[in-house]
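Have a look at upload_18.pdb; it's PDB, C-alpha atoms and all ligand atoms:
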```pdb
ATOM      1  CA  MET A1232       0.000   0.000   0.000
ATOM      2  CA  ILE A1233       1.269   3.450  -0.996
ATOM      3  CA  LEU A1234       0.845   6.193   1.592
ATOM      4  CA  LYS A1235       1.095   9.821   0.552
ATOM      5  CA  VAL A1236       2.988  11.676   3.246
ATOM      6  CA  SER A1237       0.753  14.708   2.782
ATOM      7  CA  ASP A1238      -2.219  12.498   3.672
ATOM      8  CA  ILE A1239      -0.851  11.625   7.121
ATOM      9  CA  PRO A1240      -3.002  13.500   9.637
ATOM     10  CA  ASP A1241      -1.295  15.430  12.450
ATOM     11  CA  SER A1242      -2.662  12.899  14.903
ATOM     12  CA  GLY A1243      -0.860  10.150  13.013
ATOM     13  CA  PHE A1244      -2.015   7.266  10.905
ATOM     14  CA  HIS A1245      -2.676   3.762  12.187
ATOM     15  CA  PHE A1246      -2.276   1.010   9.659
ATOM     16  CA  ASP A1247      -3.243  -2.612  10.207
ATOM     17  CA  ILE A1248      -1.261  -4.902   8.004
ATOM     18  CA  ARG A1249      -3.627  -6.918   5.870
ATOM     19  CA  ASP A1250      -1.751  -8.676   3.185
ATOM     20  CA  ASP A1251      -3.162 -11.677   1.390
ATOM     21  CA  ARG A1252      -0.047 -12.637  -0.552
ATOM     22  CA  LYS A1253       0.706 -16.329  -0.067
ATOM     23  CA  ALA A1254       4.310 -16.172  -1.197
ATOM     24  CA  ILE A1255       7.085 -13.621  -1.482
ATOM     25  CA  ALA A1256       9.561 -13.328  -4.328
ATOM     26  CA  TYR A1257      13.113 -14.075  -3.307
ATOM     27  CA  GLY A1258      15.588 -13.742  -6.126
ATOM     28  CA  LYS A1259      14.546 -16.299  -8.713
ATOM     29  CA  PHE A1260      12.440 -18.185  -6.173
ATOM     30  CA  ASN A1261       9.140 -17.811  -4.433
ATOM     31  CA  ILE A1262       9.010 -18.458  -0.721
ATOM     32  CA  PRO A1263       5.580 -19.738   0.320
ATOM     33  CA  LEU A1264       4.055 -18.347   3.505
ATOM     34  CA  SER A1265       2.618 -20.846   6.004
ATOM     35  CA  LYS A1266       1.108 -17.945   7.901
ATOM     36  CA  LEU A1267       0.208 -14.648   6.288
ATOM     37  CA  TYR A1268       1.493 -11.258   7.363
ATOM     38  CA  SER A1269      -0.139  -9.644  10.347
ATOM     39  CA  GLY A1270       0.777  -6.621  12.412
ATOM     40  CA  PHE A1271       0.432  -2.873  12.475
ATOM     41  CA  MET A1272       2.246   0.388  11.943
ATOM     42  CA  ASP A1273       1.779   3.750  13.601
ATOM     43  CA  ILE A1274       2.908   6.495  11.292
ATOM     44  CA  THR A1275       3.550  10.091  12.276
ATOM     45  CA  LYS A1276       5.231  12.964  10.498
ATOM     46  CA  THR A1277       7.254  15.874  11.823
ATOM     47  CA  ASP A1278       7.137  19.492  10.714
ATOM     48  CA  ASP A1279      10.347  19.150   8.745
ATOM     49  CA  GLY A1280       9.003  16.246   6.707
ATOM     50  CA  ARG A1281      10.405  13.268   8.535
ATOM     51  CA  VAL A1282       8.134  10.251   8.768
ATOM     52  CA  ILE A1283       8.365   8.009  11.800
ATOM     53  CA  VAL A1284       7.094   4.487  11.426
ATOM     54  CA  GLU A1285       6.702   2.382  14.527
ATOM     55  CA  GLY A1286       5.216  -1.060  14.422
ATOM     56  CA  SER A1287       5.560  -4.769  14.526
ATOM     57  CA  PHE A1288       4.641  -7.674  12.310
ATOM     58  CA  SER A1289       4.921 -11.409  12.077
ATOM     59  CA  VAL A1290       4.894 -13.857   9.211
ATOM     60  CA  THR A1291       5.800 -17.514   8.839
ATOM     61  CA  LEU A1292       7.890 -18.551   5.873
ATOM     62  CA  ARG A1293       8.260 -22.041   4.487
ATOM     63  CA  LEU A1294      12.013 -22.393   4.030
ATOM     64  CA  THR A1295      14.130 -25.319   2.910
ATOM     65  CA  CYS A1296      16.799 -26.531   5.312
ATOM     66  CA  SER A1297      20.232 -26.197   3.750
ATOM     67  CA  ARG A1298      21.453 -29.354   5.518
ATOM     68  CA  CYS A1299      18.634 -31.906   5.224
ATOM     69  CA  LEU A1300      16.686 -30.225   2.380
ATOM     70  CA  GLU A1301      13.360 -30.614   4.207
ATOM     71  CA  ASP A1302      10.893 -27.727   4.344
ATOM     72  CA  PHE A1303      10.257 -26.139   7.710
ATOM     73  CA  ASP A1304       8.376 -23.183   9.183
ATOM     74  CA  TYR A1305      10.470 -20.124   9.881
ATOM     75  CA  VAL A1306       8.761 -17.517  12.042
ATOM     76  CA  VAL A1307       9.693 -13.867  11.577
ATOM     77  CA  VAL A1308       8.684 -11.467  14.356
ATOM     78  CA  GLU A1309       9.932  -7.908  14.135
ATOM     79  CA  SER A1310       9.342  -4.749  16.112
ATOM     80  CA  PHE A1311      10.789  -1.582  14.732
ATOM     81  CA  ARG A1312      10.900   2.200  14.851
ATOM     82  CA  ASP A1313      12.274   3.831  11.753
ATOM     83  CA  THR A1314      12.638   7.393  10.596
ATOM     84  CA  TYR A1315      12.276   8.148   6.907
ATOM     85  CA  PHE A1316      13.686  11.361   5.519
ATOM     86  CA  PRO A1317      12.411  13.019   2.380
ATOM     87  CA  LYS A1318      14.843  12.412  -0.455
ATOM     88  CA  SER A1319      15.423  16.183  -0.670
ATOM     89  CA  PHE A1320      17.130  16.017   2.740
ATOM     90  CA  CYS A1321      20.253  14.510   1.251
ATOM     91  CA  THR A1322      20.362  16.611  -1.891
ATOM     92  CA  GLY A1323      19.124  19.874  -0.352
ATOM     93  CA  HIS A1324      21.240  22.880   0.583
ATOM     94  CA  GLY A1325      20.880  22.637   4.327
ATOM     95  CA  VAL A1326      23.438  20.595   6.171
ATOM     96  CA  HIS A1327      21.739  17.823   8.024
ATOM     97  CA  GLU A1328      23.624  16.796  11.118
ATOM     98  CA  LEU A1329      23.497  13.045  11.371
ATOM     99  CA  SER A1330      23.023  11.700  14.836
ATOM    100  CA  LYS A1331      23.889   8.193  15.967
ATOM    101  CA  ASP A1332      20.346   7.031  15.347
ATOM    102  CA  ASP A1333      20.588   8.034  11.732
ATOM    103  CA  LEU A1334      23.386   5.694  10.734
ATOM    104  CA  ASP A1335      20.977   3.683   8.652
ATOM    105  CA  VAL A1336      19.281   6.579   7.005
ATOM    106  CA  LEU A1337      16.086   5.714   5.233
ATOM    107  CA  TYR A1338      14.510   7.899   2.614
ATOM    108  CA  TYR A1339      11.200   8.230   0.902
ATOM    109  CA  ALA A1340      10.861   9.694  -2.557
ATOM    110  CA  ASP A1341       8.126  11.572  -4.388
ATOM    111  CA  GLY A1342       6.274  12.265  -1.149
ATOM    112  CA  GLU A1343       5.245   8.631  -0.893
ATOM    113  CA  LEU A1344       5.984   5.685   1.326
ATOM    114  CA  ASP A1345       5.342   2.103   0.246
ATOM    115  CA  LEU A1346       4.132   0.484   3.444
ATOM    116  CA  SER A1347       4.288  -3.115   2.222
ATOM    117  CA  LEU A1348       7.897  -2.567   1.206
ATOM    118  CA  ILE A1349       8.740  -1.753   4.823
ATOM    119  CA  TYR A1350       7.810  -5.178   6.159
ATOM    120  CA  LEU A1351       8.891  -7.021   3.025
ATOM    121  CA  GLU A1352      12.409  -5.584   3.273
ATOM    122  CA  LYS A1353      12.615  -6.473   6.943
ATOM    123  CA  THR A1354      11.533  -9.994   6.078
ATOM    124  CA  TYR A1355      14.264 -10.321   3.459
ATOM    125  CA  LEU A1356      16.872  -9.113   5.922
ATOM    126  CA  SER A1357      15.833 -11.743   8.445
ATOM    127  CA  ILE A1358      16.168 -14.715   6.084
ATOM    128  CA  PRO A1359      19.367 -16.598   6.969
ATOM    129  CA  MET A1360      21.929 -17.326   4.256
ATOM    130  CA  LYS A1361      21.863 -20.986   5.212
ATOM    131  CA  PRO A1362      18.474 -21.783   6.721
ATOM    132  CA  LEU A1363      18.469 -24.664   9.219
ATOM    133  CA  CYS A1364      15.409 -26.604  10.389
ATOM    134  CA  SER A1365      17.209 -26.789  13.738
ATOM    135  CA  ASN A1366      20.736 -26.083  14.927
ATOM    136  CA  GLU A1367      21.052 -29.780  15.665
ATOM    137  CA  CYS A1368      20.011 -30.822  12.156
ATOM    138  CA  LYS A1369      22.159 -33.801  11.197
ATOM    139  CA  GLY A1370      21.703 -33.305   7.469
ATOM    140  CA  ILE A1371      21.694 -36.022   4.847
ATOM    141  CA  CYS A1372      24.245 -38.768   4.480
ATOM    142  CA  PRO A1373      26.478 -37.883   1.517
ATOM    143  CA  VAL A1374      26.882 -41.594   0.762
ATOM    144  CA  CYS A1375      23.322 -43.005   0.808
ATOM    145  CA  GLY A1376      21.292 -39.773   0.849
ATOM    146  CA  LYS A1377      19.190 -40.690   3.886
ATOM    147  CA  ASN A1378      17.957 -37.962   6.211
ATOM    148  CA  LEU A1379      20.053 -38.569   9.317
ATOM    149  CA  ASN A1380      17.471 -36.830  11.512
ATOM    150  CA  TYR A1381      15.181 -39.833  10.989
ATOM    151  CA  VAL A1382      17.471 -42.772  10.414
ATOM    152  CA  GLU A1383      20.991 -43.834  11.098
ATOM    153  CA  CYS A1384      22.830 -45.502   8.300
ATOM    154  CA  GLU A1385      25.845 -47.765   8.305
ATOM    155  CA  CYS A1386      27.790 -45.744   5.767
ATOM    156  CA  ASN A1387      31.381 -44.880   6.411
ATOM    157  CA  ARG A1388      31.274 -41.108   6.092
ATOM    158  CA  LYS A1389      34.793 -40.567   7.350
ATOM    159  CA  PHE A1390      36.105 -40.255   3.848
ATOM    160  CA  ILE A1391      39.505 -38.639   3.895
ATOM    161  CA  ASP A1392      40.515 -36.460   1.015
ATOM    162  CA  PRO A1393      43.727 -38.060  -0.378
ATOM    163  CA  ARG A1394      45.513 -34.720  -0.071
ATOM    164  CA  TRP A1395      44.746 -34.556   3.637
ATOM    165  CA  GLU A1396      45.868 -38.126   4.032
ATOM    166  CA  GLN A1397      49.312 -37.145   2.752
ATOM    167  CA  LEU A1398      49.422 -34.272   5.207
ATOM    168  CA  ALA A1399      48.349 -36.512   8.045
ATOM    169  CA  LYS A1400      51.154 -38.949   7.222
ATOM    170  CA  LEU A1401      53.642 -36.096   7.098
ATOM    171  CA  LYS A1402      52.470 -34.809  10.436
ATOM    172  CA  GLU A1403      52.781 -38.256  11.941
ATOM    173  CA  LYS A1404      56.331 -38.473  10.648
ATOM    174  CA  LEU A1405      57.251 -35.061  12.035
ATOM    175  CA  LEU A1406      55.775 -35.846  15.410
ATOM    176  CA  LYS A1407      57.709 -39.083  15.627
ATOM    177  CA  GLY A1408      60.819 -37.090  14.823
TER     178      GLY A1408
HETATM  179 ZN    ZN A1501      17.489 -29.812   8.471
HETATM  180 ZN    ZN A1502      24.377 -43.328   4.589
END
```

Here is a file; write its structure as structure tokens.
Amino acid sequence: MILKVSDIPDSGFHFDIRDDRKAIAYGKFNIPLSKLYSGFMDITKTDDGRVIVEGSFSVTLRLTCSRCLEDFDYVVVESFRDTYFPKSFCTGHGVHELSKDDLDVLYYADGELDLSLIYLEKTYLSIPMKPLCSNECKGICPVCGKNLNYVECECNRKFIDPRWEQLAKLKEKLLKG
């Protein structure tokens, strides 16, 4: 939803997140949602054109574990308070003193703020590079391909790279003197 900054009343604008998308685009992929977006935002503006967005949201993504390749639910819960500056702030004549809070400066352009983009971007940032169904996930056996979270196999997975074997022998030799 696009919000025109000039439409924000002085008393602020309360926005309930209602979003019926069932998947979000992620690079070339689509991530399905097991639970749709819900949450809210309270939006206020200051006299000098800053827009302050305070809110929280939750969504549940269906991710694929990078170790065992099974799908699992990944819950995103975020609370935030962000300040958006009009784009003219950075290109204008006045010198804007950046305070510590402004290190991640956010801007809005053309007097508009895309509210769905706010929670979508936060969702993207929370997706781990290597999603894991659990920290203890045992992954799949590289020999037989079985999911080691469910079964144990008899495979010998202690395969030593021949190059390391040479090094190990060398080390043994050195240690023996
Ligand atoms: Zn896993
Ligand atoms: Zn195996």

(request) Counting only C-alpha atoms and all ligand atoms, name the residues that have an atom within 12 Å of an atom of ligand ZN 1502 (chain A); the answer should be given as an NGL selection string. (result) :A and (1369-1389)

(request) Taking the file as shown, find all residues satisfying the PyMOL selection byres (((not hetatm)) within 10 of (chain A and resi 1501)) and write them as an MDAnalysis selection string. (result) chainID A and resid 1295:1303 1362:1371 1378:1380

(request) Could you jot down the atom CA of A:Ile1233 to atom CA of A:Glu1343 separation for me, Å, one decimal place? (result)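 Computed distance, atom CA of A:Ile1233 to atom CA of A:Glu1343, equals 6.5 Å.
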
(request) Decode the PyMOL selection byres (((chain A and resi 1348-1356) around 8) and not hetatm) for the given file into explicit residues and return them as a ChimeraX atom specification. (result) /A:1257,1288,1307,1309,1345-1347,1357-1359

Write out, as a PDB file, in the frame of the given file, the residues just selected, with C-alpha atoms.
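What landed in selection-v9.pdb:
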```pdb
ATOM      1  CA  TYR A1257      13.113 -14.075  -3.307  1.00  0.00           C
ATOM      2  CA  PHE A1288       4.641  -7.674  12.310  1.00  0.00           C
ATOM      3  CA  VAL A1307       9.693 -13.867  11.577  1.00  0.00           C
ATOM      4  CA  GLU A1309       9.932  -7.908  14.135  1.00  0.00           C
ATOM      5  CA  ASP A1345       5.342   2.103   0.246  1.00  0.00           C
ATOM      6  CA  LEU A1346       4.132   0.484   3.444  1.00  0.00           C
ATOM      7  CA  SER A1347       4.288  -3.115   2.222  1.00  0.00           C
ATOM      8  CA  SER A1357      15.833 -11.743   8.445  1.00  0.00           C
ATOM      9  CA  ILE A1358      16.168 -14.715   6.084  1.00  0.00           C
ATOM     10  CA  PRO A1359      19.367 -16.598   6.969  1.00  0.00           C
TER      11      PRO A1359
END
```

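Atom pair atom CA of A:His1245 / atom CA of A:Gly1286: separated by 9.5 Å.
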
(request) Return the single residue from A:Val1236, A:Met1360, A:Met1272, A:Leu1294 that is closest to A:Phe1260, with distances computed using all atoms listed in the file. (result)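 Smallest separation from A:Phe1260 among the options: A:Leu1294.
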
(request) I would like the residues chosen by the PyMOL selection byres (((chain A and resi 1313) around 12) and not hetatm) on the shown file; could you give them as a PyMOL selection string? (result) chain A and resi 1272-1276+1281-1287+1310-1312+1314-1316+1332-1339+1349-1350+1353

(request) Quick one: pull the distance between atom CA of A:Arg1293 and atom CA of A:Ile1248, Å, one decimal. (result)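 Separating atom CA of A:Arg1293 from atom CA of A:Ile1248 is a distance of 19.9 Å.
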
(request) Identify, on the basis of only C-alpha atoms, every residue whose closest approach to A:Asp1251 does not exceed 12 Å; exclude the query and any residue fewer than 6 positions from it along the same chain; express the result as a ChimeraX atom specification. (result) /A:1263-1269,1290,1347

(message) Let me make sure I understand: among A:Ala1340, A:Met1232, A:Leu1401, A:Ile1262, which one has the smallest atom-to-atom distance to A:Asp1250 if we use only C-alpha atoms?
(response) A:Met1232

(request) Point out the residue among A:Ser1319, A:Gln1397, A:Ser1289, A:Thr1277 with the least atom-to-atom distance to A:Ser1237, counting only C-alpha atoms. (result)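 Selected residue with least distance to A:Ser1237: A:Thr1277.
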